[in-house]
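Novice: File model.pdb follows (PDB, C-alpha atoms):
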ATOM      1  CA  MET A   1     -44.593  32.191  -4.976
ATOM      2  CA  LYS A   2     -41.450  34.116  -4.188
ATOM      3  CA  ILE A   3     -38.432  32.382  -2.566
ATOM      4  CA  ASN A   4     -35.970  34.579  -0.707
ATOM      5  CA  TRP A   5     -32.215  34.009  -0.951
ATOM      6  CA  GLY A   6     -31.966  32.280   2.468
ATOM      7  CA  THR A   7     -34.473  29.629   1.467
ATOM      8  CA  ALA A   8     -32.704  29.154  -1.883
ATOM      9  CA  ILE A   9     -29.362  28.526  -0.086
ATOM     10  CA  VAL A  10     -30.960  25.936   2.225
ATOM     11  CA  ILE A  11     -32.555  24.176  -0.760
ATOM     12  CA  ALA A  12     -29.222  24.233  -2.649
ATOM     13  CA  PHE A  13     -27.373  22.729   0.345
ATOM     14  CA  GLY A  14     -30.066  20.075   0.718
ATOM     15  CA  LEU A  15     -29.813  19.107  -2.969
ATOM     16  CA  PHE A  16     -26.005  19.033  -2.789
ATOM     17  CA  MET A  17     -26.041  16.764   0.304
ATOM     18  CA  THR A  18     -28.555  14.472  -1.389
ATOM     19  CA  PHE A  19     -26.326  14.317  -4.481
ATOM     20  CA  ILE A  20     -23.243  13.392  -2.398
ATOM     21  CA  LEU A  21     -25.095  10.808  -0.287
ATOM     22  CA  TYR A  22     -26.458   9.179  -3.447
ATOM     23  CA  PHE A  23     -22.925   8.569  -4.741
ATOM     24  CA  VAL A  24     -21.654   7.361  -1.350
ATOM     25  CA  PHE A  25     -24.413   4.748  -1.134
ATOM     26  CA  LYS A  26     -23.961   3.774  -4.773
ATOM     27  CA  VAL A  27     -20.216   3.132  -4.352
ATOM     28  CA  GLN A  28     -20.707   1.197  -1.110
ATOM     29  CA  SER A  29     -23.457  -1.039  -2.473
ATOM     30  CA  ASP A  30     -22.292  -1.628  -6.065
ATOM     31  CA  SER A  31     -19.940  -4.618  -6.445
ATOM     32  CA  LYS A  32     -18.122  -3.134  -9.447
ATOM     33  CA  TYR A  33     -16.487  -0.564  -7.128
ATOM     34  CA  ASP A  34     -13.945  -2.608  -5.211
ATOM     35  CA  ASN A  35     -12.852  -0.868  -2.027
ATOM     36  CA  ASP A  36     -10.901  -3.598  -0.237
ATOM     37  CA  LEU A  37      -7.946  -2.885   1.982
ATOM     38  CA  VAL A  38      -4.510  -3.166   0.418
ATOM     39  CA  VAL A  39      -3.365  -5.485   3.201
ATOM     40  CA  GLU A  40      -5.587  -7.631   5.385
ATOM     41  CA  GLU A  41      -4.816  -7.193   9.100
ATOM     42  CA  TYR A  42      -3.070  -3.881   8.490
ATOM     43  CA  TYR A  43      -1.949  -3.293  12.090
ATOM     44  CA  LYS A  44      -0.521  -6.792  12.435
ATOM     45  CA  HIS A  45       1.435  -6.228   9.209
ATOM     46  CA  ASP A  46       2.630  -2.823  10.433
ATOM     47  CA  SER A  47       3.968  -4.262  13.715
ATOM     48  CA  HIS A  48       6.630  -6.182  11.737
ATOM     49  CA  PHE A  49       7.856  -3.101   9.889
ATOM     50  CA  GLY A  50      11.211  -2.994  11.719
ATOM     51  CA  GLU A  51      12.009  -6.580  10.774
ATOM     52  CA  GLU A  52      11.084  -5.816   7.176
ATOM     53  CA  MET A  53      13.469  -2.863   7.093
ATOM     54  CA  VAL A  54      16.328  -5.073   8.356
ATOM     55  CA  ARG A  55      15.689  -7.552   5.502
ATOM     56  CA  ILE A  56      15.562  -4.712   2.960
ATOM     57  CA  GLN A  57      18.857  -3.343   4.322
ATOM     58  CA  ASN A  58      20.433  -6.817   4.090
ATOM     59  CA  ALA A  59      19.474  -6.955   0.397
ATOM     60  CA  HIS A  60      20.718  -3.422  -0.170
ATOM     61  CA  ASP A  61      24.114  -4.226   1.389
ATOM     62  CA  LEU A  62      24.823  -7.069  -1.051
ATOM     63  CA  LYS A  63      27.643  -6.400  -3.511
ATOM     64  CA  GLN A  64      25.889  -8.418  -6.202
ATOM     65  CA  LYS A  65      22.114  -8.260  -6.072
ATOM     66  CA  PRO A  66      19.459 -10.342  -7.801
ATOM     67  CA  THR A  67      17.952  -8.586 -10.801
ATOM     68  CA  ILE A  68      14.369  -8.544 -11.987
ATOM     69  CA  ILE A  69      14.037  -8.292 -15.763
ATOM     70  CA  THR A  70      10.858  -7.780 -17.777
ATOM     71  CA  MET A  71      10.864  -9.790 -21.000
ATOM     72  CA  LYS A  72       8.282 -10.754 -23.598
ATOM     73  CA  ASP A  73       8.180 -14.271 -22.056
ATOM     74  CA  GLY A  74       7.398 -12.869 -18.605
ATOM     75  CA  VAL A  75       9.374 -11.636 -15.618
ATOM     76  CA  LYS A  76      12.779 -13.179 -15.054
ATOM     77  CA  ILE A  77      14.554 -13.086 -11.700
ATOM     78  CA  VAL A  78      18.289 -13.686 -12.008
ATOM     79  CA  PHE A  79      20.594 -14.321  -9.071
ATOM     80  CA  PRO A  80      24.347 -13.686  -9.439
ATOM     81  CA  ASN A  81      26.549 -16.736  -9.995
ATOM     82  CA  THR A  82      28.188 -16.149  -6.607
ATOM     83  CA  PHE A  83      25.030 -17.552  -4.963
ATOM     84  CA  GLU A  84      24.477 -21.313  -4.850
ATOM     85  CA  SER A  85      20.950 -21.900  -6.168
ATOM     86  CA  LYS A  86      20.275 -24.811  -3.821
ATOM     87  CA  ASN A  87      20.859 -22.577  -0.754
ATOM     88  CA  ILE A  88      18.345 -19.917  -1.825
ATOM     89  CA  LYS A  89      14.904 -20.393  -0.311
ATOM     90  CA  GLY A  90      11.908 -18.090  -0.388
ATOM     91  CA  GLU A  91       8.991 -16.850  -2.422
ATOM     92  CA  VAL A  92       7.979 -14.103  -4.800
ATOM     93  CA  LEU A  93       4.754 -12.161  -4.305
ATOM     94  CA  MET A  94       3.424 -10.619  -7.486
ATOM     95  CA  TYR A  95       1.198  -7.820  -6.223
ATOM     96  CA  ARG A  96      -1.222  -5.968  -8.486
ATOM     97  CA  PRO A  97      -2.117  -2.611  -6.832
ATOM     98  CA  SER A  98      -5.225  -2.128  -8.953
ATOM     99  CA  ASN A  99      -6.783  -5.559  -8.352
ATOM    100  CA  LYS A 100      -6.167  -7.731  -5.304
ATOM    101  CA  LYS A 101      -7.677 -10.758  -7.066
ATOM    102  CA  LEU A 102      -4.702 -10.931  -9.465
ATOM    103  CA  ASP A 103      -2.063 -11.235  -6.702
ATOM    104  CA  PHE A 104      -0.196 -14.540  -6.448
ATOM    105  CA  ASN A 105       2.810 -16.150  -4.751
ATOM    106  CA  THR A 106       5.474 -18.248  -6.440
ATOM    107  CA  ALA A 107       8.117 -20.302  -4.663
ATOM    108  CA  LEU A 108      11.727 -19.504  -5.516
ATOM    109  CA  ALA A 109      12.509 -22.674  -7.484
ATOM    110  CA  LEU A 110      15.628 -21.651  -9.402
ATOM    111  CA  THR A 111      16.943 -23.209 -12.569
ATOM    112  CA  ASN A 112      20.503 -22.096 -13.389
ATOM    113  CA  SER A 113      20.157 -19.251 -10.832
ATOM    114  CA  GLU A 114      17.028 -17.992 -12.633
ATOM    115  CA  LEU A 115      13.263 -17.994 -12.131
ATOM    116  CA  LEU A 116      10.831 -17.165 -14.923
ATOM    117  CA  ILE A 117       7.290 -16.078 -14.129
ATOM    118  CA  PRO A 118       5.433 -16.749 -17.378
ATOM    119  CA  GLN A 119       3.631 -14.014 -19.302
ATOM    120  CA  LYS A 120       0.347 -15.958 -19.200
ATOM    121  CA  LYS A 121       0.108 -15.332 -15.425
ATOM    122  CA  LEU A 122       0.554 -11.582 -15.879
ATOM    123  CA  ILE A 123      -1.678  -8.966 -17.451
ATOM    124  CA  LYS A 124      -0.500  -5.635 -18.796
ATOM    125  CA  GLY A 125       0.203  -2.865 -16.343
ATOM    126  CA  ARG A 126       2.024  -2.266 -13.090
ATOM    127  CA  TRP A 127       3.149  -5.118 -10.840
ATOM    128  CA  ASP A 128       4.961  -4.825  -7.510
ATOM    129  CA  VAL A 129       7.455  -7.659  -7.083
ATOM    130  CA  ASN A 130       8.188  -8.493  -3.433
ATOM    131  CA  MET A 131      10.814 -11.209  -3.157
ATOM    132  CA  GLU A 132      11.367 -12.601   0.350
ATOM    133  CA  TRP A 133      14.313 -14.951   0.394
ATOM    134  CA  GLN A 134      17.071 -16.315   2.561
ATOM    135  CA  TYR A 135      20.562 -17.451   1.772
ATOM    136  CA  ASN A 136      22.765 -19.286   4.271
ATOM    137  CA  GLY A 137      20.437 -18.363   7.144
ATOM    138  CA  LYS A 138      20.302 -14.626   6.429
ATOM    139  CA  GLN A 139      16.979 -13.111   5.381
ATOM    140  CA  TYR A 140      16.517 -10.635   2.541
ATOM    141  CA  LEU A 141      13.647  -8.672   1.042
ATOM    142  CA  THR A 142      13.819  -7.219  -2.450
ATOM    143  CA  LYS A 143      11.050  -4.910  -3.672
ATOM    144  CA  GLU A 144      10.742  -3.625  -7.201
ATOM    145  CA  VAL A 145       8.051  -2.285  -9.514
ATOM    146  CA  VAL A 146       7.790  -3.656 -13.054
ATOM    147  CA  TYR A 147       5.536  -2.732 -15.946
ATOM    148  CA  ILE A 148       4.242  -5.406 -18.279
ATOM    149  CA  ASN A 149       3.518  -4.311 -21.854
TER
END
Represent the supplied structure as structure tokens.
Specialist:
Amino acid sequence: MKINWGTAIVIAFGLFMTFILYFVFKVQSDSKYDNDLVVEEYYKHDSHFGEEMVRIQNAHDLKQKPTIITMKDGVKIVFPNTFESKNIKGEVLMYRPSNKKLDFNTALALTNSELLIPQKKLIKGRWDVNMEWQYNGKQYLTKEVVYIN
């Protein structure tokens, strides 16, 4: 039986579409491929973007800023001595872009103007540190990326 070139192209397109659809269904149905959203309620989160930018600008305008240091013991957040530790309130979100299940929040409970997030809570790789805090009624947001070795 002889197949002309038009029939061969239709068969090739059909096989290609079957190949693509197979992988789409496999990724959607297999639990090892995690395709969750980065942020739940994305549009609600996006509506507060202006407020977030004001808090980021407040943190940027500080003469002495808190620093985030990666150490072998973990991640240390150090506030300058000009801040009174008892007046700093807030929390730190440790966000893992590759796996939402590893994300966690920690309250800003400072000891000597420092907070240590222990190494045992962190796995190797990239972490986004989002620190939302307030000092004397003014709100701040500090964002930084750290790499744990």
Novice: Determine, using all atoms listed in the file, which residues of stretch 42-111 of chain A have any atom at most 8 Å from an atom of stretch 128-148 of chain A, and tabulate each with its shortest atom pair and distance in Å to one decimal place, rows ordered by chain and then rising number, as CSV.
Specialist:
residue,atom,partner,partner_atom,distance
A:Glu52,CA,A:Leu141,CA,7.2
A:Arg55,CA,A:Tyr140,CA,4.4
A:Ile56,CA,A:Leu141,CA,4.8
A:Gln57,CA,A:Tyr140,CA,7.9
A:Asn58,CA,A:Tyr140,CA,5.7
A:Ala59,CA,A:Tyr140,CA,5.2
A:Ile68,CA,A:Glu144,CA,7.8
A:Thr70,CA,A:Val146,CA,7.0
A:Asn87,CA,A:Tyr135,CA,5.7
A:Ile88,CA,A:Tyr135,CA,4.9
A:Lys89,CA,A:Gln134,CA,5.4
A:Gly90,CA,A:Trp133,CA,4.0
A:Glu91,CA,A:Glu132,CA,5.6
A:Val92,CA,A:Met131,CA,4.4
A:Leu93,CA,A:Asn130,CA,5.1
A:Met94,CA,A:Val129,CA,5.0
A:Tyr95,CA,A:Asp128,CA,5.0
A:Arg96,CA,A:Asp128,CA,6.4
A:Pro97,CA,A:Asp128,CA,7.4
A:Leu108,CA,A:Trp133,CA,7.9
Novice: Tell me, in Å to one decimal, how far atom CA of A:Ser29 is from atom CA of A:Ile123.
Specialist: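 Atom CA of A:Ser29 sits 27.6 Å away from atom CA of A:Ile123.
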Novice: Just so the selection is clear, what residues does the PyMOL selection byres ((chain A and resi 77) around 8) cover here, as a list in words?
Specialist: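 After applying the PyMOL selection byres ((chain A and resi 77) around 8), what remains is Pro66, Thr67, Ile68, Ile69, Val75, Lys76, Val78, Phe79, Glu114, Leu115 and Leu116 of chain A.
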Novice: Ranking A:Met17, A:Val24, A:Met71, A:Leu102 by minimum distance to A:Asn149 and counting only C-alpha atoms, which one comes first?
Specialist: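 Residue with the minimum atom-to-atom distance to A:Asn149: A:Met71.
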Novice: Just how far from atom CA of A:Lys101 is atom CA of A:Glu51, in Å to one decimal?
Specialist: 26.9 Å
Novice: Nearest to A:Lys124: which of A:Thr111, A:Lys72, A:Gly6, A:Gln64 is it, counting only C-alpha atoms?
Specialist: A:Lys72
Novice: Measure the distance from atom CA of A:Leu62 to atom CA of A:Asn81 in Å and round it to one decimal.
Specialist: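 Computing the Euclidean distance for atom CA of A:Leu62 and atom CA of A:Asn81 yields 13.3 Å.
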Novice: Could you check which of A:Asp73, A:Thr106, A:Pro80, A:Val10 is closest to A:Pro118, using all atoms listed in the file?
Specialist: A:Asp73
Novice: Nearest to A:Lys63: which of A:Phe16, A:Asp30, A:Phe83, A:Phe49 is it, counting all atoms listed in the file?
Specialist: A:Phe83
Novice: Centre and edge lengths of an axis-aligned box around all listed atoms of stretch 66-81 of chain A, with 8 Å added on each side, are to be given in Å to one decimal, as AutoDock Vina command-line options.
Specialist:
--center_x 17.0 --center_y -12.3 --center_z -15.7 --size_x 35.2 --size_y 25.0 --size_z 31.8
